[in-house]
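Trainee: This structure is in C-alpha cells; I'll ask about it shortly.
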There are 2 protein chains.
Amino acid sequence: MTQINRQILLASRPQGGVTPDNFKLVETPLAPLADGEVRVRNHYLSLDPYMRGRMNDSKSYAAPQPLDEVMIGGTVGEIVESKHPKFAVGNKVVGMFGWQEYGTSDGKGLQKVDDTHVPLSAYLGAVGMPGVTAWYGLNRIIAPKAGETVVVSAASGAVGSVVGQLAKLAGCRAVGIAGGADKCRYVVDSLGFDACVDYKAGNLYKDLKAVTPDGVDGYFENVGGEVLDAVLARMNAFGRIALCGMIAGYDGEPLPLKYPALLLTQRLLVQGFIVSEHMEVWPEALGQLGMLVAQKKLHYRETIADGLENAPEAFMGLLKGKNFGKQLVKLV
Amino acid sequence: MTQINRQILLASRPQGGVTPDNFKLVETPLAPLADGEVRVRNHYLSLDPYMRGRMNDSKSYAAPQPLDEVMIGGTVGEIVESKHPKFAVGNKVVGMFGWQEYGTSDGKGLQKVDDTHVPLSAYLGAVGMPGVTAWYGLNRIIAPKAGETVVVSAASGAVGSVVGQLAKLAGCRAVGIAGGADKCRYVVDSLGFDACVDYKAGNLYKDLKAVTPDGVDGYFENVGGEVLDAVLARMNAFGRIALCGMIAGYDGEPLPLKYPALLLTQRLLVQGFIVSEHMEVWPEALGQLGMLVAQKKLHYRETIADGLENAPEAFMGLLKGKNFGKQLVKLV
C-alpha cells in the first residue's frame with residue numbers, strides 16, 4: 001500500500017495579515033525510496049516568525065517561499081527507512097523538511113541528534129536555531145560585560161528566553177519585555193530574569209525606565225516598532241543592539257523608527273543578523289546550549305499544537321504572540 | 001594700553017532654528033599673562049555642525065554649551081606672547097579657543113603645527129577634526145574593499161569631501177549627495193567622485209539608484225532624514241553605515257527613519273561615532289591626511305567669512321547648507 005504524506009503548501013501570499021486561505025493541505029503519495037536516500041517521520045515541526053517574511057514576494061535576505069510548495073520549516077523526527085549508509089532506522093534527526101509529515105532526503109543538511117539527555121523537541125528550540133540565534137546575538141554582537149544591563153523583547157519566546165538566561169549566566173542584569181502578566185511572571189519566576197515589562201500594560205517607556213535604573217547597555221531586538229523606540233530611549237552611550245527580528249512590522253505598514261538621532265548621540269552599534277549566515281558558531285553554541293539544557297540550567301517552555309492540520313492556526317497565533325515559549329506542531 | 005578681546009557668547013538657546021539673537025558680541029579686556037601661559041591671536045575660527053547640538057540644553061554626547069560663555073570652537077592662530085617654556089612667539093598652533101579673537105592657555109590641548117606645506121586653515125579642515133572624522137568613519141567603520149560603492153552625504157563639505165576622496169584612493173566607487181548643481185559639479189569635477197546626486201532636484205531615490213547600479217556597500221551619513229531613508233533603500237547585504245551627523249534634524253522636529261526593517265533584512269551595521277572619543281587614531285590619520293594635502297592629492301574648498309562679528313550669520317548659513325566646503329571665519 002502506498003503511504004500518504006500530508007503536506008501544507010503556501011496557496012497564496014498574505015495581503016496584510018496571514019489568513020487560513022493562504023495555506024492548503026494536500027495529500028501526496030510517497031514515492032519509493034531511491035538509493036542514497038532516507039525517509040524521516042517528522043515528530044515536531046518548528047514554527048518561527050521568520051516564516052512570515054518568506055511568505056511575502058519581496059526583497060529580503062532569503063528567496064520568497066514559492067507558491068504551491070511545502071511551507072519551509074525546521075523539523076525533528078526519526079528515520080523510518082534508509083538506503084543511505086550513514087543513517088539507520090531509528091536515528092533521530094534534525095532537518096528542514098517543512099510543513100509535512102514525512103521528509104525524504106539524500107542526507108544533506110540532516111543532522112543526527114542524541115535525545116538521551118536533551119528532549120528531541122529542544123533541538124528546534126533552545127538547542128536549535130532559536131538558541132543559536134540568541135547565543136550569536138548576545139555573545140557576538142552585544143558582547144556584554146558582567147554588571148551591564150541587557151534587555152530582550154519577546155522575552156518568553158524561544159529566542160528571548162535564551163538571551164536573558166545567557167545574560168544572567170554572564171553576570172548581567174537581564175530585563176525582558178513580553179506581552180501580558182502571565183508571560184512576565186514566567187520570565188522572572190521561572191527563567192530568572194531580574195525584571196520583565198508588560199508592553200500591553202500601556203506604560204512601556206515608564207515601566208522600562210523603572211527597571212533599568214542604570215540604562216541599557218545591550219538590546220536584543222525581536223519585535224521592532226514602539227518597543228524599539230522605547231528601548232532606544234534608554235540606551236547608554238556605546239550600547240549595542242542585536243537586530244534579530246521585527247515581528248511588529250511583518251504585516252502591513254512599515255513601522256518607522258521615531259528617534260534615529262539617538263543612534264548618533266549615544267554612539268550606538270546596531271547590527272542586523274541572520275544566524276544561518278554564521279554557521280561557524282553553531283558547533284560551539286550548540287555544545288554550550290545542549291550542556292546547559294541537560295544540566296537544567298537553561299529552561300524553556302513549549303506551546304504544542306497537535307496535528308499538521310493545526311499548523312496554520314498555530315502560526316497565526318505565533319504572529320500575534322498567543323504562544324508561550326517555543327511554538328511547535330506535534331506530528332506523531 | 002589694555003588690549004581688548006572680542007568674543008561671541010551664547011546669549012540664549014534656539015527655539016527651533018538658530019537666530020542672531022542667540023549670540024552676543026562682547027569686548028573683554030585681556031588680563032596680563034601669568035607664568036606658564038601663552039596668548040594666541042586666532043587667525044581662523046572653525047564653524048562646524050556639531051555646535052548646533054551644543055546649543056541645546058539636552059542630553060547628548062557632550063555637555064551643553066553654557067549660556068553667557070564664549071561659544072565653543074576649534075581655532076588656528078599664532079602665539080603673540082608666551083610665558084610657557086614649550087611655546088615661542090610666532091609658533092602656529094591649533095586650539096579650541098572658540099569664538100574669540102584671542103585665546104589664553106596653559107598649553108594643554110594646544111598643538112603646534114607646521115604651515116610650510118599645509119596651509120594653516122587646513123588644520124581646521126582636511127588635516128583637522130573634519131579630516132580625522134572622515135578617516136575614522138571610512139577606515140574603521142565602513143572599512144571598504146576595492147570595488148565597493150561608498151556613498152557620502154554633504155559630499156562637498158569639510159568631512160564629506162575627504163570621505164569620497166579617501167574612498168577613491170582605496171579603489172572604491174565614490175558617490176556623493178549634495179545640495180545644488182554647483183556643489184555636485186564640484187564634487188565630481190574637482191574632487192574626483194564618480195558621481196554626485198543633487199538632493200534638491202527632487203528625485204533623490206531615483207537619481208541615487210541610477211548612479212549606484214551595484215547598490216551601496218558603505219554609507220557615511222552627515223545628514224539624516226530623507227537622505228538616510230533613500231540611501232538605506234539602496235544598501236547591499238552586509239553594508240556598513242558610519243553615522244557621523246544628522247544635521248537635517250538639528251532644528252525642531254525629530255526626523256524618523258522610515259524603514260528600519262531594512263537594517264535587519266540587509267543585515268546592516270550602523271555605528272554612531274564621535275571622533276574625539278577615538279584619539280588613538282589621530283596621529284595616524286593626521287599623518288596621512290597632511291601628506292595627501294601637501295602632495296595635492298587631497299583637495300578641499302573653504303568658505304571664509306570675514307571678521308568675528310560675521311560668525312553667527314556664517315554659522316546659520318552652514319546649518320542651511322549655504323557654505324561650500326569648510327566654513328571658516330577669518331579673524332586677522
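FYI, nothing fancy with the C-alpha cells labels: chains A, B, ... in order, residues from 1 per chain, ligands from 1 as they appear.
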Show me, as a ChimeraX atom specification, the residues of chain B whose atoms get within 9 Å of chain A, using only C-alpha atoms for the distance check.
Mentor: /B:59-62,224-225,237-238,243-246,249,254-274
Trainee: Step one, run DSSP on the backbone; step two, keep only residues of segment 61-279 of chain A assigned to helix (DSSP H, G or I); then write them as an NGL selection string.
Mentor: :A and (120-124 or 129-142 or 160-169 or 181-189 or 199-201 or 204-211 or 226-232 or 247-249 or 261-265 or 275-277 or 279)
Trainee: Hey, can you check how far atom CA of Val113 of chain B sits from atom CA of Glu78 of chain B?
Mentor: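 Atom-to-atom, atom CA of Val113 of chain B and atom CA of Glu78 of chain B are spaced 10.0 Å apart.
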Trainee: Would you kindly return, as number ranges by chain, each protein, DNA or RNA residue with an atom no farther than 7 Å from any atom of segment 300-316 of chain B, considering only C-alpha atoms and excluding same-chain residues fewer than 5 positions away?
Mentor: B: 18, 20, 47, 126, 161, 323-331
Trainee: Write out as a compact mmCIF listing (two decimals) with all heavy atoms, in the first residue's frame the residues lying within 6 Å of Val151 of chain B, counting only C-alpha atoms and excluding same-chain residues fewer than 5 positions away.
Mentor:
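That gives us out_23.txt:
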```txt
# COMPACT_ATOMS: atom_id res chain seq x y z
N ALA B 174 33.00 56.13 -5.60
CA ALA B 174 32.58 57.14 -4.62
C ALA B 174 31.43 57.94 -5.19
O ALA B 174 31.54 58.51 -6.28
CB ALA B 174 33.74 58.05 -4.26
N VAL B 175 30.33 57.98 -4.47
CA VAL B 175 29.15 58.71 -4.90
C VAL B 175 28.79 59.71 -3.81
O VAL B 175 28.68 59.34 -2.64
CB VAL B 175 27.97 57.75 -5.16
CG1 VAL B 175 26.69 58.54 -5.43
CG2 VAL B 175 28.30 56.81 -6.31
N GLY B 176 28.63 60.97 -4.19
CA GLY B 176 28.26 61.99 -3.24
C GLY B 176 26.80 62.35 -3.33
O GLY B 176 26.13 62.08 -4.33
N TYR B 219 28.06 53.61 3.69
CA TYR B 219 27.43 54.92 3.67
C TYR B 219 27.96 55.74 4.84
O TYR B 219 27.93 55.30 5.98
CB TYR B 219 25.91 54.79 3.75
CG TYR B 219 25.19 56.13 3.74
CD1 TYR B 219 25.57 57.11 2.84
CD2 TYR B 219 24.14 56.39 4.60
CE1 TYR B 219 24.93 58.36 2.81
CE2 TYR B 219 23.49 57.62 4.58
CZ TYR B 219 23.89 58.59 3.69
OH TYR B 219 23.27 59.82 3.68
```
Trainee: List the spatial neighbours of segment 68-74 of chain A as number ranges by chain - criterion: any atom at most 6 Å away, only C-alpha atoms, same-chain residues fewer than 6 positions off excluded.
Mentor: A: 8-11, 46, 95-96, 98-99
Trainee: Report the residues of segment 47-90 of chain B whose backbone DSSP state falls under strand (DSSP E), written as a ChimeraX atom specification.
Mentor: /B:75-82
Trainee: What would the file look like if the residues just selected were written as a tab-separated table (two decimals), in the first residue's frame with N, CA, C and O atoms?
Mentor:
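For reference, selection_7.tsv as written:
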```tsv
chain	number	residue	atom	x	y	z
B	75	THR	N	40.17	76.50	16.63
B	75	THR	CA	40.82	77.71	16.10
B	75	THR	C	42.25	77.37	15.69
B	75	THR	O	42.88	76.46	16.23
B	76	VAL	N	42.77	78.14	14.74
B	76	VAL	CA	44.22	78.14	14.47
B	76	VAL	C	44.72	79.57	14.60
B	76	VAL	O	43.99	80.52	14.29
B	77	GLY	N	45.93	79.71	15.07
B	77	GLY	CA	46.46	81.04	15.25
B	77	GLY	C	47.96	81.03	15.53
B	77	GLY	O	48.64	80.03	15.31
B	78	GLU	N	48.41	82.17	16.03
B	78	GLU	CA	49.85	82.36	16.22
B	78	GLU	C	50.09	82.86	17.64
B	78	GLU	O	49.35	83.71	18.14
B	79	ILE	N	51.13	82.32	18.26
B	79	ILE	CA	51.48	82.77	19.61
B	79	ILE	C	51.99	84.22	19.52
B	79	ILE	O	52.93	84.51	18.76
B	80	VAL	N	51.37	85.10	20.29
B	80	VAL	CA	51.81	86.50	20.28
B	80	VAL	C	52.52	86.88	21.58
B	80	VAL	O	53.16	87.93	21.67
B	81	GLU	N	52.40	86.04	22.59
B	81	GLU	CA	53.08	86.29	23.85
B	81	GLU	C	53.18	84.95	24.56
B	81	GLU	O	52.25	84.14	24.51
B	82	SER	N	54.33	84.68	25.19
B	82	SER	CA	54.49	83.38	25.85
B	82	SER	C	55.25	83.49	27.14
B	82	SER	O	56.30	84.11	27.21
```
Trainee: I need the residue nearest Glu101 of chain B from this list: B:Thr19, B:Gln3, B:Asn203, B:Asn42. Use only C-alpha atoms for the distance.
Mentor: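 Closest to Glu101 of chain B, using only C-alpha atoms: B:Asn42.
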Trainee: Would you compute the distance between atom CA of Val152 of chain A and atom CA of Met291 of chain A? Give it in Å to one decimal.
Mentor: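 Atom-to-atom, atom CA of Val152 of chain A and atom CA of Met291 of chain A are spaced 22.7 Å apart.
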Trainee: Mind giving me the straight-line distance from atom CA of Pro14 of chain A to atom CA of Gly321 of chain A in Å, one decimal?
Mentor: 18.1 Å
